[in-house]
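Student: entry-v1.cif is reproduced in full below (mmCIF, C-alpha atoms and all ligand atoms).
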data_start
loop_
_atom_site.label_atom_id
_atom_site.label_comp_id
_atom_site.auth_asym_id
_atom_site.auth_seq_id
_atom_site.Cartn_x
_atom_site.Cartn_y
_atom_site.Cartn_z
CA MET A 19 -6.98 20.11 1.17
CA LYS A 20 -4.81 17.16 0.24
CA ALA A 21 -3.37 17.17 -3.27
CA ILE A 22 -0.61 15.41 -5.15
CA ILE A 23 1.58 17.97 -6.83
CA LEU A 24 4.12 17.34 -9.55
CA LYS A 25 7.35 18.98 -8.36
CA ASP A 26 8.87 18.77 -11.83
CA PHE A 27 8.49 16.61 -14.93
CA GLY A 28 10.18 13.25 -14.43
CA GLY A 29 9.77 9.95 -12.57
CA VAL A 30 7.25 8.96 -9.90
CA GLU A 31 9.47 10.53 -7.22
CA GLN A 32 8.23 13.89 -8.53
CA LEU A 33 4.72 13.15 -7.19
CA GLU A 34 4.33 14.64 -3.71
CA LEU A 35 1.35 14.43 -1.36
CA THR A 36 0.90 17.85 0.24
CA GLU A 37 -1.64 20.51 1.34
CA VAL A 38 -2.87 23.22 -1.05
CA PRO A 39 -5.80 25.68 -0.90
CA VAL A 40 -9.24 24.46 -1.98
CA PRO A 41 -9.95 25.82 -5.51
CA VAL A 42 -12.42 28.68 -5.94
CA ILE A 43 -15.18 27.95 -8.45
CA GLY A 44 -16.39 30.34 -11.13
CA GLU A 45 -19.68 30.78 -13.01
CA GLY A 46 -20.84 27.51 -14.55
CA GLU A 47 -18.59 25.42 -12.31
CA VAL A 48 -19.09 23.05 -9.41
CA LEU A 49 -16.73 22.07 -6.60
CA VAL A 50 -16.46 18.30 -6.42
CA GLN A 51 -15.24 16.43 -3.37
CA VAL A 52 -13.35 13.66 -5.10
CA LYS A 53 -14.01 10.04 -4.14
CA ALA A 54 -12.15 8.31 -6.97
CA ILE A 55 -9.74 9.24 -9.78
CA SER A 56 -8.81 7.14 -12.77
CA ILE A 57 -5.26 7.02 -14.08
CA ASN A 58 -4.44 6.92 -17.78
CA PRO A 59 -1.33 6.54 -19.92
CA VAL A 60 -1.56 10.30 -20.59
CA ASP A 61 -1.08 10.95 -16.84
CA VAL A 62 2.17 9.02 -17.00
CA LYS A 63 3.29 10.65 -20.27
CA THR A 64 2.52 14.13 -18.89
CA ARG A 65 4.34 13.39 -15.64
CA ALA A 66 7.40 12.55 -17.76
CA GLY A 67 7.16 15.86 -19.68
CA LYS A 68 5.22 14.65 -22.76
CA GLY A 69 1.43 14.32 -23.26
CA ALA A 70 -0.28 17.46 -21.92
CA ALA A 71 2.92 18.81 -20.26
CA GLY A 72 2.80 21.91 -22.49
CA GLN A 73 -0.49 22.99 -20.90
CA LEU A 74 0.57 22.08 -17.36
CA LYS A 75 4.04 23.63 -17.26
CA ASP A 76 2.92 27.18 -16.36
CA GLN A 77 0.75 26.06 -13.41
CA LYS A 78 2.00 26.63 -9.88
CA PRO A 79 1.71 24.08 -8.39
CA MET A 80 1.34 21.55 -11.18
CA ILE A 81 -1.43 19.05 -10.43
CA LEU A 82 -2.04 16.13 -12.80
CA GLY A 83 -5.21 14.23 -13.57
CA TRP A 84 -8.55 14.62 -15.37
CA ASP A 85 -10.90 11.74 -14.46
CA ILE A 86 -13.04 12.12 -11.36
CA ALA A 87 -16.11 10.83 -9.57
CA GLY A 88 -17.32 12.56 -6.42
CA VAL A 89 -19.91 14.69 -4.65
CA VAL A 90 -20.83 18.32 -5.42
CA THR A 91 -20.15 20.51 -2.37
CA GLU A 92 -20.63 23.94 -4.04
CA SER A 93 -22.43 24.85 -7.23
CA GLN A 94 -22.50 27.88 -9.48
CA SER A 95 -24.40 26.06 -12.18
CA GLU A 96 -28.00 25.28 -13.08
CA GLU A 97 -27.15 21.64 -13.80
CA PHE A 98 -26.07 20.37 -10.39
CA GLN A 99 -26.99 20.90 -6.72
CA VAL A 100 -24.95 20.39 -3.57
CA GLY A 101 -25.02 16.67 -2.76
CA ASP A 102 -25.26 15.44 -6.36
CA GLU A 103 -22.95 12.53 -7.19
CA VAL A 104 -21.19 13.25 -10.46
CA PHE A 105 -18.45 11.95 -12.73
CA GLY A 106 -16.53 13.17 -15.76
CA MET A 107 -13.28 14.12 -17.45
CA VAL A 108 -12.33 17.67 -16.45
CA ASN A 109 -10.77 20.11 -18.93
CA PHE A 110 -9.16 17.65 -21.31
CA PRO A 111 -7.06 18.39 -23.25
CA GLY A 112 -5.94 21.05 -20.77
CA VAL A 113 -5.50 21.25 -17.02
CA GLY A 114 -7.89 19.16 -14.90
CA LYS A 115 -6.08 19.17 -11.51
CA ALA A 116 -7.83 15.96 -10.54
CA TYR A 117 -5.22 14.61 -8.08
CA ALA A 118 -6.83 16.52 -5.24
CA GLU A 119 -9.46 16.28 -2.53
CA TYR A 120 -11.54 18.97 -4.27
CA VAL A 121 -11.71 19.80 -7.97
CA ALA A 122 -13.30 22.83 -9.66
CA ALA A 123 -15.10 21.43 -12.70
CA PRO A 124 -17.21 22.99 -15.47
CA ALA A 125 -20.69 21.57 -14.90
CA ASP A 126 -21.13 20.97 -18.63
CA GLN A 127 -18.32 18.40 -18.56
CA LEU A 128 -19.99 16.17 -15.95
CA ALA A 129 -22.94 13.81 -15.66
CA LEU A 130 -24.88 12.49 -12.70
CA LYS A 131 -23.43 9.21 -11.50
CA PRO A 132 -26.01 6.41 -11.70
CA GLU A 133 -26.98 5.43 -8.15
CA ASP A 134 -26.02 1.77 -8.47
CA ILE A 135 -22.56 2.46 -9.90
CA HIS A 136 -19.68 2.75 -7.41
CA PHE A 137 -17.46 5.83 -7.44
CA GLU A 138 -14.54 3.62 -8.56
CA SER A 139 -16.42 2.37 -11.64
CA ALA A 140 -17.75 5.84 -12.44
CA ALA A 141 -14.29 7.40 -12.25
CA ALA A 142 -13.04 4.63 -14.56
CA ALA A 143 -15.72 5.35 -17.19
CA THR A 144 -14.48 8.83 -18.13
CA LEU A 145 -11.47 9.49 -20.44
CA ALA A 146 -11.13 5.83 -21.44
CA ALA A 147 -14.86 5.57 -22.22
CA LEU A 148 -15.22 8.98 -23.89
CA THR A 149 -12.39 8.11 -26.30
CA PRO A 150 -14.04 5.15 -28.09
CA TRP A 151 -17.44 6.82 -27.75
CA GLN A 152 -16.13 9.86 -29.68
CA ALA A 153 -14.11 7.66 -32.07
CA PHE A 154 -17.25 5.70 -33.06
CA SER A 155 -19.63 8.65 -33.20
CA ASP A 156 -17.71 11.83 -34.09
CA HIS A 157 -14.46 10.81 -35.80
CA GLY A 158 -15.71 7.85 -37.76
CA ARG A 159 -19.20 6.42 -37.81
CA LEU A 160 -19.40 2.82 -36.73
CA ARG A 161 -22.63 1.16 -37.83
CA ALA A 162 -24.49 -2.04 -37.06
CA GLY A 163 -23.22 -4.99 -39.07
CA GLN A 164 -19.78 -3.48 -39.72
CA ARG A 165 -16.61 -5.35 -38.85
CA VAL A 166 -14.50 -3.49 -36.32
CA LEU A 167 -10.95 -4.35 -35.21
CA ILE A 168 -10.01 -3.02 -31.76
CA HIS A 169 -6.33 -3.10 -30.79
CA ALA A 170 -5.50 -3.60 -27.10
CA ALA A 171 -9.08 -4.68 -26.44
CA ALA A 172 -8.34 -5.53 -22.79
CA GLY A 173 -6.98 -2.09 -21.92
CA GLY A 174 -8.69 1.01 -20.56
CA VAL A 175 -9.90 2.30 -23.92
CA GLY A 176 -10.19 -1.11 -25.57
CA HIS A 177 -12.50 -2.73 -23.03
CA PHE A 178 -14.99 0.13 -23.34
CA ALA A 179 -14.59 0.13 -27.13
CA VAL A 180 -15.55 -3.55 -27.34
CA GLN A 181 -18.72 -2.90 -25.36
CA PHE A 182 -19.76 0.19 -27.36
CA ALA A 183 -19.11 -1.57 -30.66
CA ARG A 184 -21.16 -4.57 -29.56
CA HIS A 185 -23.94 -2.27 -28.39
CA ILE A 186 -23.96 -0.56 -31.80
CA GLY A 187 -24.37 -4.01 -33.35
CA ALA A 188 -20.97 -4.31 -35.01
CA TYR A 189 -19.00 -7.55 -35.44
CA VAL A 190 -16.14 -7.09 -32.97
CA ILE A 191 -12.60 -8.43 -33.27
CA GLY A 192 -10.22 -7.61 -30.41
CA THR A 193 -6.48 -8.09 -30.00
CA GLY A 194 -4.68 -8.85 -26.75
CA SER A 195 -2.54 -11.50 -25.13
CA ALA A 196 -3.93 -14.97 -24.39
CA GLU A 197 -4.57 -14.34 -20.69
CA ASN A 198 -7.12 -11.67 -21.67
CA LYS A 199 -9.04 -13.76 -24.21
CA GLU A 200 -11.83 -14.82 -21.85
CA PHE A 201 -12.16 -11.28 -20.50
CA VAL A 202 -12.48 -9.68 -23.95
CA MET A 203 -14.88 -12.34 -25.26
CA GLY A 204 -16.92 -11.84 -22.07
CA LEU A 205 -17.29 -8.16 -22.96
CA GLY A 206 -19.01 -9.18 -26.18
CA ALA A 207 -16.22 -9.59 -28.74
CA ASN A 208 -16.95 -12.06 -31.55
CA GLU A 209 -13.28 -12.95 -32.17
CA PHE A 210 -10.02 -12.54 -30.28
CA ILE A 211 -6.52 -12.47 -31.73
CA ASP A 212 -3.60 -13.24 -29.44
CA TYR A 213 -0.97 -10.83 -30.75
CA THR A 214 1.81 -12.83 -29.10
CA THR A 215 1.22 -15.85 -31.37
CA GLN A 216 -0.53 -14.44 -34.46
CA ARG A 217 -0.15 -11.39 -36.65
CA PHE A 218 -3.63 -9.94 -37.02
CA GLU A 219 -3.05 -9.10 -40.70
CA ASP A 220 -2.59 -12.82 -41.39
CA VAL A 221 -5.97 -13.78 -39.92
CA VAL A 222 -8.46 -10.95 -40.49
CA ARG A 223 -9.65 -9.10 -43.59
CA ASP A 224 -12.56 -6.97 -44.85
CA ILE A 225 -12.52 -4.70 -41.83
CA ASP A 226 -14.73 -1.59 -41.95
CA PHE A 227 -13.27 0.22 -38.94
CA VAL A 228 -10.02 -0.03 -36.96
CA LEU A 229 -9.65 1.60 -33.57
CA ASP A 230 -5.86 1.86 -33.39
CA THR A 231 -4.68 2.36 -29.83
CA ARG A 232 -1.03 1.61 -30.68
CA GLY A 233 0.20 3.66 -33.64
CA GLY A 234 3.62 3.01 -35.24
CA ASP A 235 3.59 0.01 -37.58
CA TYR A 236 0.05 -0.85 -36.42
CA ILE A 237 -1.11 1.83 -38.87
CA GLU A 238 0.44 0.22 -41.99
CA ARG A 239 -0.48 -3.27 -40.77
CA SER A 240 -4.08 -2.23 -40.07
CA LEU A 241 -4.36 -0.62 -43.51
CA GLN A 242 -3.68 -4.07 -45.02
CA VAL A 243 -6.93 -5.43 -43.57
CA ILE A 244 -9.33 -2.47 -44.03
CA LYS A 245 -11.77 -2.43 -46.96
CA LYS A 246 -11.58 0.45 -49.44
CA GLY A 247 -13.81 3.19 -48.05
CA GLY A 248 -13.23 1.95 -44.47
CA THR A 249 -11.97 3.96 -41.51
CA ILE A 250 -8.99 3.97 -39.16
CA VAL A 251 -9.07 6.17 -36.07
CA SER A 252 -5.67 6.30 -34.43
CA ILE A 253 -5.35 7.57 -30.85
CA ASN A 254 -1.75 7.16 -29.72
CA SER A 255 -0.73 10.73 -30.51
CA SER A 256 2.96 10.11 -29.89
CA ALA A 257 3.06 7.52 -32.70
CA ASN A 258 0.37 8.29 -35.27
CA ASP A 259 1.81 11.02 -37.49
CA GLY A 260 0.71 10.78 -41.09
CA VAL A 261 -2.19 8.38 -40.49
CA GLN A 262 -4.49 10.46 -42.67
CA GLU A 263 -2.13 10.47 -45.67
CA LYS A 264 -1.18 6.81 -45.29
CA ALA A 265 -4.87 5.86 -45.15
CA LYS A 266 -5.79 8.08 -48.11
CA ALA A 267 -3.19 6.35 -50.27
CA LYS A 268 -5.09 3.09 -49.64
CA GLY A 269 -8.57 4.55 -50.22
CA VAL A 270 -9.29 4.57 -46.49
CA PHE A 271 -10.50 7.41 -44.28
CA GLY A 272 -7.79 8.02 -41.63
CA LYS A 273 -8.02 10.19 -38.58
CA SER A 274 -5.91 10.92 -35.53
CA MET A 275 -8.06 12.05 -32.62
CA MET A 276 -7.83 13.68 -29.21
CA VAL A 277 -10.65 13.06 -26.76
CA GLN A 278 -12.53 16.16 -25.55
CA SER A 279 -14.40 16.80 -22.29
CA SER A 280 -18.15 16.59 -22.88
CA GLY A 281 -21.01 16.44 -20.40
CA GLU A 282 -23.36 15.39 -23.19
CA ASP A 283 -21.22 12.35 -24.04
CA MET A 284 -20.87 11.61 -20.30
CA GLN A 285 -24.67 11.46 -20.08
CA HIS A 286 -24.77 8.80 -22.81
CA ILE A 287 -22.13 6.85 -20.89
CA ALA A 288 -24.12 7.26 -17.64
CA SER A 289 -27.25 5.89 -19.36
CA LEU A 290 -25.40 2.85 -20.70
CA LEU A 291 -23.91 2.16 -17.25
CA GLU A 292 -27.35 2.49 -15.69
CA GLU A 293 -28.94 0.11 -18.23
CA GLY A 294 -26.19 -2.43 -17.64
CA ALA A 295 -25.10 -2.17 -21.30
CA LEU A 296 -21.67 -0.95 -20.17
CA ARG A 297 -19.45 -1.85 -17.25
CA ALA A 298 -16.06 -0.63 -16.12
CA GLU A 299 -13.43 -3.21 -15.29
CA VAL A 300 -11.40 -1.80 -12.40
CA SER A 301 -8.50 -4.20 -12.02
CA LYS A 302 -6.41 -2.21 -9.55
CA VAL A 303 -7.37 0.24 -6.80
CA PHE A 304 -4.79 2.27 -4.87
CA PRO A 305 -5.25 4.68 -1.95
CA PHE A 306 -4.51 8.36 -2.67
CA GLY A 307 -1.13 8.10 -0.93
CA GLN A 308 -0.01 5.44 -3.40
CA MET A 309 -0.28 7.48 -6.60
CA ALA A 310 3.28 6.48 -7.54
CA GLU A 311 2.29 2.79 -7.48
CA ALA A 312 -0.76 3.57 -9.64
CA HIS A 313 1.52 5.25 -12.21
CA GLN A 314 3.92 2.31 -12.11
CA ALA A 315 1.02 -0.08 -12.78
CA ILE A 316 0.02 1.91 -15.90
CA GLU A 317 3.66 2.02 -17.00
CA THR A 318 3.71 -1.78 -17.32
CA GLY A 319 1.41 -1.40 -20.38
CA LYS A 320 -0.24 -4.65 -19.25
CA THR A 321 -3.09 -3.54 -16.99
CA ARG A 322 -6.54 -4.95 -17.66
CA GLY A 323 -9.35 -2.37 -17.80
CA LYS A 324 -8.70 0.55 -15.50
CA VAL A 325 -6.47 1.61 -12.60
CA VAL A 326 -8.25 3.77 -10.04
CA VAL A 327 -7.08 5.78 -7.00
CA ILE A 328 -9.50 6.39 -4.12
CA PHE A 329 -9.76 8.72 -1.14
N1 LIG A 401 -5.83 10.51 -28.33
C1 LIG A 401 -6.63 10.29 -27.30
O1 LIG A 401 -7.59 11.03 -27.09
C2 LIG A 401 -6.37 9.12 -26.38
C3 LIG A 401 -7.30 8.79 -25.41
C4 LIG A 401 -7.08 7.67 -24.62
C5 LIG A 401 -5.91 6.92 -24.76
N2 LIG A 401 -5.00 7.30 -25.70
C6 LIG A 401 -3.78 6.50 -25.89
O2 LIG A 401 -4.17 5.20 -26.32
C7 LIG A 401 -3.29 4.23 -25.82
C8 LIG A 401 -4.07 3.15 -25.06
O3 LIG A 401 -4.66 3.71 -23.90
P1 LIG A 401 -5.29 2.77 -22.79
O4 LIG A 401 -5.77 3.64 -21.69
O5 LIG A 401 -6.21 1.79 -23.38
O6 LIG A 401 -3.97 1.99 -22.32
P2 LIG A 401 -3.79 0.80 -21.27
O7 LIG A 401 -5.06 0.59 -20.51
O8 LIG A 401 -2.55 1.06 -20.51
O9 LIG A 401 -3.54 -0.46 -22.22
C9 LIG A 401 -3.11 -1.63 -21.61
C10 LIG A 401 -3.51 -2.82 -22.47
O10 LIG A 401 -2.75 -2.83 -23.67
C11 LIG A 401 -2.68 -4.19 -24.10
N3 LIG A 401 -1.55 -4.34 -25.03
C12 LIG A 401 -0.25 -4.06 -24.80
N4 LIG A 401 0.47 -4.30 -25.93
C13 LIG A 401 -0.41 -4.75 -26.87
C14 LIG A 401 -0.30 -5.15 -28.23
N5 LIG A 401 0.88 -5.16 -28.87
N6 LIG A 401 -1.43 -5.53 -28.89
C15 LIG A 401 -2.62 -5.55 -28.28
N7 LIG A 401 -2.79 -5.19 -26.98
C16 LIG A 401 -1.70 -4.78 -26.30
C17 LIG A 401 -2.50 -4.96 -22.83
O11 LIG A 401 -3.11 -6.21 -23.02
P3 LIG A 401 -2.24 -7.55 -22.82
O12 LIG A 401 -1.85 -7.53 -21.36
O13 LIG A 401 -3.20 -8.62 -23.17
O14 LIG A 401 -1.04 -7.44 -23.69
C18 LIG A 401 -3.26 -4.13 -21.77
O15 LIG A 401 -4.50 -4.70 -21.43
C19 LIG A 401 -2.27 4.99 -24.99
O16 LIG A 401 -1.16 5.29 -25.78
C20 LIG A 401 -3.00 6.27 -24.62
O17 LIG A 401 -2.16 7.35 -24.31
C21 LIG A 401 -5.20 8.38 -26.51
#
With the file now loaded, output its structure as structure tokens.
Tutor:
Amino acid sequence: MKAIILKDFGGVEQLELTEVPVPVIGEGEVLVQVKAISINPVDVKTRAGKGAAGQLKDQKPMILGWDIAGVVTESQSEEFQVGDEVFGMVNFPGVGKAYAEYVAAPADQLALKPEDIHFESAAAATLAALTPWQAFSDHGRLRAGQRVLIHAAAGGVGHFAVQFARHIGAYVIGTGSAENKEFVMGLGANEFIDYTTQRFEDVVRDIDFVLDTRGGDYIERSLQVIKKGGTIVSINSSANDGVQEKAKAKGVFGKSMMVQSSGEDMQHIASLLEEGALRAEVSKVFPFGQMAEAHQAIETGKTRGKVVVIF
């Protein structure tokens, strides 16, 4: 089968399209013929030797990627039959080997793809959707009527976060640059702050929940606008050390989180997609042979919604 291997940690030149054997599935797994893969900042960080590189480094060959949508071609599980269309985030944090024509995936990490949702959109609604879903349900508890501030609201995580928060019934404030204002408001945000012209801490207050996608000084700045007893969930693991202690000193509940594969959460996401309560914005689609370009797009830090690679 075709796969993109990572020859060594480094730049995009380390990504090589080649042939490798089809994986063999074990008990509880399915073999998925991949139709679409979504690309995340963690793919880029891992390629460069950070992110999940620690888990990947002993694999031979190393194959990146976690987010897939495709068709089941073999099943050793009760959950799925051959021919089922599925999507999910495979073995995260760990080794997903998603940059391939076929992926061996634990059935309990997948959900059935709603019929009316394209493979591209389904692939997009995996890691980036699971993250805010888990942030709002497991790591903090966002409730109707609360005021939530979502940083980078136009990005992969942010654009799903805005929609979940709105669905929960929260009052949603998103940050982004001016060209994304209409997009973020269209997703259901109540207010938008253009971070290029305004500092959010000058214009918002009494926030119950911050979803911090940035880390660094965004933690201290966000803590200035959160109510006592509020919550900050910080997801940029390379820049969020000490969030818990910093938050505690301000009477705020602080948490750094790492998204986890979960078929149960994927089923909630599938239902919301099916109802039309959630949609994936896929702003860029690349063919499998242009994985390097997909990584370069993510590296700009400016992509709207999701970047997807298709077979
Ligand atoms: N811990 C976890 O489990 C977990 C899970 C998912 C993601 N993450 C991390 O979370 C971060 C975000 O991920 P992502 O997939 O959402 O990234 P992304 O899709 O690459 O984010 C791109 C977006 O960021 C916005 N942006 C850039 N600088 C900004 C700023 N200063 N203020 C507000 N918005 C800004 C851009 O909007 P403009 O063009 O309008 O500037 C763009 O739309 C990454 O570091 C990623 O690794 C962690």
Student: Residues within 7 Å of ligand LIG 401 (chain A) (all atoms listed in the file), as an mmCIF file with C-alpha atoms, in the coordinates of the input?
Tutor:
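New file result_10.cif:
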data_model
loop_
_atom_site.group_PDB
_atom_site.id
_atom_site.type_symbol
_atom_site.label_atom_id
_atom_site.label_comp_id
_atom_site.auth_asym_id
_atom_site.auth_seq_id
_atom_site.Cartn_x
_atom_site.Cartn_y
_atom_site.Cartn_z
ATOM 1 C CA ASN A 58 -4.440 6.920 -17.780
ATOM 2 C CA PRO A 59 -1.330 6.540 -19.920
ATOM 3 C CA VAL A 60 -1.560 10.300 -20.590
ATOM 4 C CA LEU A 145 -11.470 9.490 -20.440
ATOM 5 C CA ALA A 146 -11.130 5.830 -21.440
ATOM 6 C CA THR A 149 -12.390 8.110 -26.300
ATOM 7 C CA HIS A 169 -6.330 -3.100 -30.790
ATOM 8 C CA ALA A 170 -5.500 -3.600 -27.100
ATOM 9 C CA ALA A 171 -9.080 -4.680 -26.440
ATOM 10 C CA ALA A 172 -8.340 -5.530 -22.790
ATOM 11 C CA GLY A 173 -6.980 -2.090 -21.920
ATOM 12 C CA GLY A 174 -8.690 1.010 -20.560
ATOM 13 C CA VAL A 175 -9.900 2.300 -23.920
ATOM 14 C CA GLY A 176 -10.190 -1.110 -25.570
ATOM 15 C CA THR A 193 -6.480 -8.090 -30.000
ATOM 16 C CA GLY A 194 -4.680 -8.850 -26.750
ATOM 17 C CA SER A 195 -2.540 -11.500 -25.130
ATOM 18 C CA ALA A 196 -3.930 -14.970 -24.390
ATOM 19 C CA GLU A 197 -4.570 -14.340 -20.690
ATOM 20 C CA ASN A 198 -7.120 -11.670 -21.670
ATOM 21 C CA TYR A 213 -0.970 -10.830 -30.750
ATOM 22 C CA THR A 231 -4.680 2.360 -29.830
ATOM 23 C CA ARG A 232 -1.030 1.610 -30.680
ATOM 24 C CA ILE A 253 -5.350 7.570 -30.850
ATOM 25 C CA ASN A 254 -1.750 7.160 -29.720
ATOM 26 C CA SER A 255 -0.730 10.730 -30.510
ATOM 27 C CA MET A 275 -8.060 12.050 -32.620
ATOM 28 C CA MET A 276 -7.830 13.680 -29.210
ATOM 29 C CA VAL A 277 -10.650 13.060 -26.760
ATOM 30 C CA ILE A 316 0.020 1.910 -15.900
ATOM 31 C CA GLY A 319 1.410 -1.400 -20.380
ATOM 32 C CA LYS A 320 -0.240 -4.650 -19.250
ATOM 33 C CA THR A 321 -3.090 -3.540 -16.990
ATOM 34 C CA ARG A 322 -6.540 -4.950 -17.660
ATOM 35 C CA GLY A 323 -9.350 -2.370 -17.800
ATOM 36 C CA LYS A 324 -8.700 0.550 -15.500
#
Student: Rounded to one decimal in Å, what is the spacing between atom CA of Phe227 of chain A and atom CA of Val180 of chain A?
Tutor: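 Atom CA of Val180 of chain A lies at a distance of 12.4 Å from atom CA of Phe227 of chain A.
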Student: Skipping near chain neighbours, those fewer than 2 positions away, what residues fall within 7 Å of segment 288-293 of chain A using all atoms listed in the file, listed as a ChimeraX atom specification?
Tutor: /A:129,131-132,284-286,295-297
Student: Suppose you want the space between atom CA of Ala147 of chain A and atom CA of Asp259 of chain A; what is it in Å?
Tutor: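 Distance reported for this atom pair: 23.3 Å.
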Student: What lies within 7 Å of segment 135-142 of chain A using only C-alpha atoms, ignoring chain neighbours under 6 positions off, as a count of residues only?
Tutor: 13
Student: Restricting the calculation to all atoms listed in the file: of A:Val113, A:Glu263, A:Ala125, A:Glu299, which residue gets closest to His177 of chain A?
Tutor: A:Glu299
Student: Please measure the separation of atom CA of Lys245 of chain A and atom CA of Lys268 of chain A, giving the value in Å to one decimal.
Tutor: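 Pair atom CA of Lys245 of chain A / atom CA of Lys268 of chain A returns 9.1 Å.
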Student: With distances taken over all atoms listed in the file, which residue among A:Lys63, A:Lys266, A:Lys115, A:Lys68 lies nearest Ile23 of chain A?
Tutor: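 Closest residue, counting all atoms listed in the file: A:Lys115.
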Student: Mind working out the centre and edge lengths of an axis-aligned box for segment 179-189 of chain A, all listed atoms inside, 4 Å added to each side, rounded to one decimal in Å and written as JSON?
Tutor:
{"center_x": -19.5, "center_y": -3.7, "center_z": -30.4, "size_x": 17.8, "size_y": 15.7, "size_z": 18.1}
Student: For Ser301 of chain A, which residue among A:Gly114, A:Gly72, A:Pro79, A:Ile57 is the nearest when counting all atoms listed in the file?
Tutor: A:Ile57
Student: Please provide the set of residues having any atom within 9 Å of Pro305 of chain A, restricted to only C-alpha atoms, with same-chain residues fewer than 3 positions apart removed, written as a VMD selection string.
Tutor: chain A and resid 308 to 309 312 326 to 329
Student: Using all atoms listed in the file, which of A:Tyr117, A:Phe154, A:Tyr236, A:Phe27 sits nearest Ala188 of chain A?
Tutor: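 Selected residue with least distance to Ala188 of chain A: A:Phe154.
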Student: Could you check which of A:Leu167, A:Val89, A:Leu74, A:Met203 is closest to Phe218 of chain A, using only C-alpha atoms?
Tutor: A:Leu167
Student: So, with only C-alpha atoms as the atoms that count, which of A:Trp84, A:Val190, A:Asp61, A:Asp126 lies closest to Phe210 of chain A?
Tutor: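 Smallest separation from Phe210 of chain A among the options: A:Val190.
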Student: Set the distance at 10 Å and use only C-alpha atoms: which residues neighbour Leu33 of chain A once local chain neighbours fewer than 6 positions away are removed? I'd like the list as a count of residues only.
Tutor: 16
Student: Would you list the residues near (-6.3, -2.2, -52.7), meaning any protein, DNA or RNA residue with an atom at most 12 Å from that point in file coordinates, counting only C-alpha atoms, as number ranges by chain?
Tutor: A: 223-224, 241-248, 265-270
Student: For Pro39 of chain A, please output as a list in words all residues within 12 Å (counting all atoms listed in the file; exclusion window: fewer than 3 positions along the same chain).
Tutor: Met19, Lys20, Ala21, Thr36, Val42, Lys78, Pro79, Ala118, Glu119, Tyr120, Val121 and Ala122 of chain A
Student: Tell me, counting all atoms listed in the file, for each residue of segment 125-174 of chain A within 9 Å of segment 182-185 of chain A, which pair of atoms is nearest and how far apart they are in Å to one decimal, in rows ordered by chain and increasing number, as JSON lines.
Tutor:
{"residue": "A:Ala147", "atom": "CA", "partner": "A:Phe182", "partner_atom": "CA", "distance": 8.9}
{"residue": "A:Pro150", "atom": "CA", "partner": "A:Phe182", "partner_atom": "CA", "distance": 7.6}
{"residue": "A:Trp151", "atom": "CA", "partner": "A:Phe182", "partner_atom": "CA", "distance": 7.0}
{"residue": "A:Phe154", "atom": "CA", "partner": "A:Ala183", "partner_atom": "CA", "distance": 7.9}
{"residue": "A:Leu160", "atom": "CA", "partner": "A:Ala183", "partner_atom": "CA", "distance": 7.5}
{"residue": "A:Arg161", "atom": "CA", "partner": "A:Ala183", "partner_atom": "CA", "distance": 8.4}
{"residue": "A:Ala162", "atom": "CA", "partner": "A:Ala183", "partner_atom": "CA", "distance": 8.4}
{"residue": "A:Val166", "atom": "CA", "partner": "A:Ala183", "partner_atom": "CA", "distance": 7.5}
Student: Would you mind exporting the chosen residues as a short mmCIF file (atom, residue, chain, number, x, y, z; two decimals), in the coordinates of the input, restricted to C-alpha atoms?
Tutor:
data_model
loop_
_atom_site.label_atom_id
_atom_site.label_comp_id
_atom_site.auth_asym_id
_atom_site.auth_seq_id
_atom_site.Cartn_x
_atom_site.Cartn_y
_atom_site.Cartn_z
CA ALA A 147 -14.86 5.57 -22.22
CA PRO A 150 -14.04 5.15 -28.09
CA TRP A 151 -17.44 6.82 -27.75
CA PHE A 154 -17.25 5.70 -33.06
CA LEU A 160 -19.40 2.82 -36.73
CA ARG A 161 -22.63 1.16 -37.83
CA ALA A 162 -24.49 -2.04 -37.06
CA VAL A 166 -14.50 -3.49 -36.32
#
Student: Provide segment 43-50 of chain A of the preceding structure as a file containing N, CA and C atoms, as a CSV table (one decimal), in the first residue's frame.
Tutor:
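Final output, selection-v3.csv:
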chain,number,residue,atom,x,y,z
A,43,ILE,N,-4.5,-6.6,11.3
A,43,ILE,CA,-5.3,-6.1,12.5
A,43,ILE,C,-5.4,-7.2,13.5
A,44,GLY,N,-5.6,-6.8,14.8
A,44,GLY,CA,-5.7,-7.7,15.9
A,44,GLY,C,-7.2,-7.6,16.4
A,45,GLU,N,-7.4,-8.4,17.5
A,45,GLU,CA,-8.7,-8.5,18.1
A,45,GLU,C,-9.2,-7.1,18.5
A,46,GLY,N,-10.5,-6.8,18.2
A,46,GLY,CA,-11.0,-5.5,18.5
A,46,GLY,C,-10.7,-4.4,17.5
A,47,GLU,N,-9.9,-4.7,16.5
A,47,GLU,CA,-9.5,-3.7,15.5
A,47,GLU,C,-10.3,-3.9,14.2
A,48,VAL,N,-10.2,-2.8,13.4
A,48,VAL,CA,-10.7,-2.8,12.0
A,48,VAL,C,-9.6,-2.3,11.1
A,49,LEU,N,-9.7,-2.8,9.8
A,49,LEU,CA,-8.8,-2.2,8.8
A,49,LEU,C,-9.6,-1.2,8.0
A,50,VAL,N,-9.1,0.0,8.0
A,50,VAL,CA,-9.8,1.1,7.3
A,50,VAL,C,-9.0,1.5,6.1
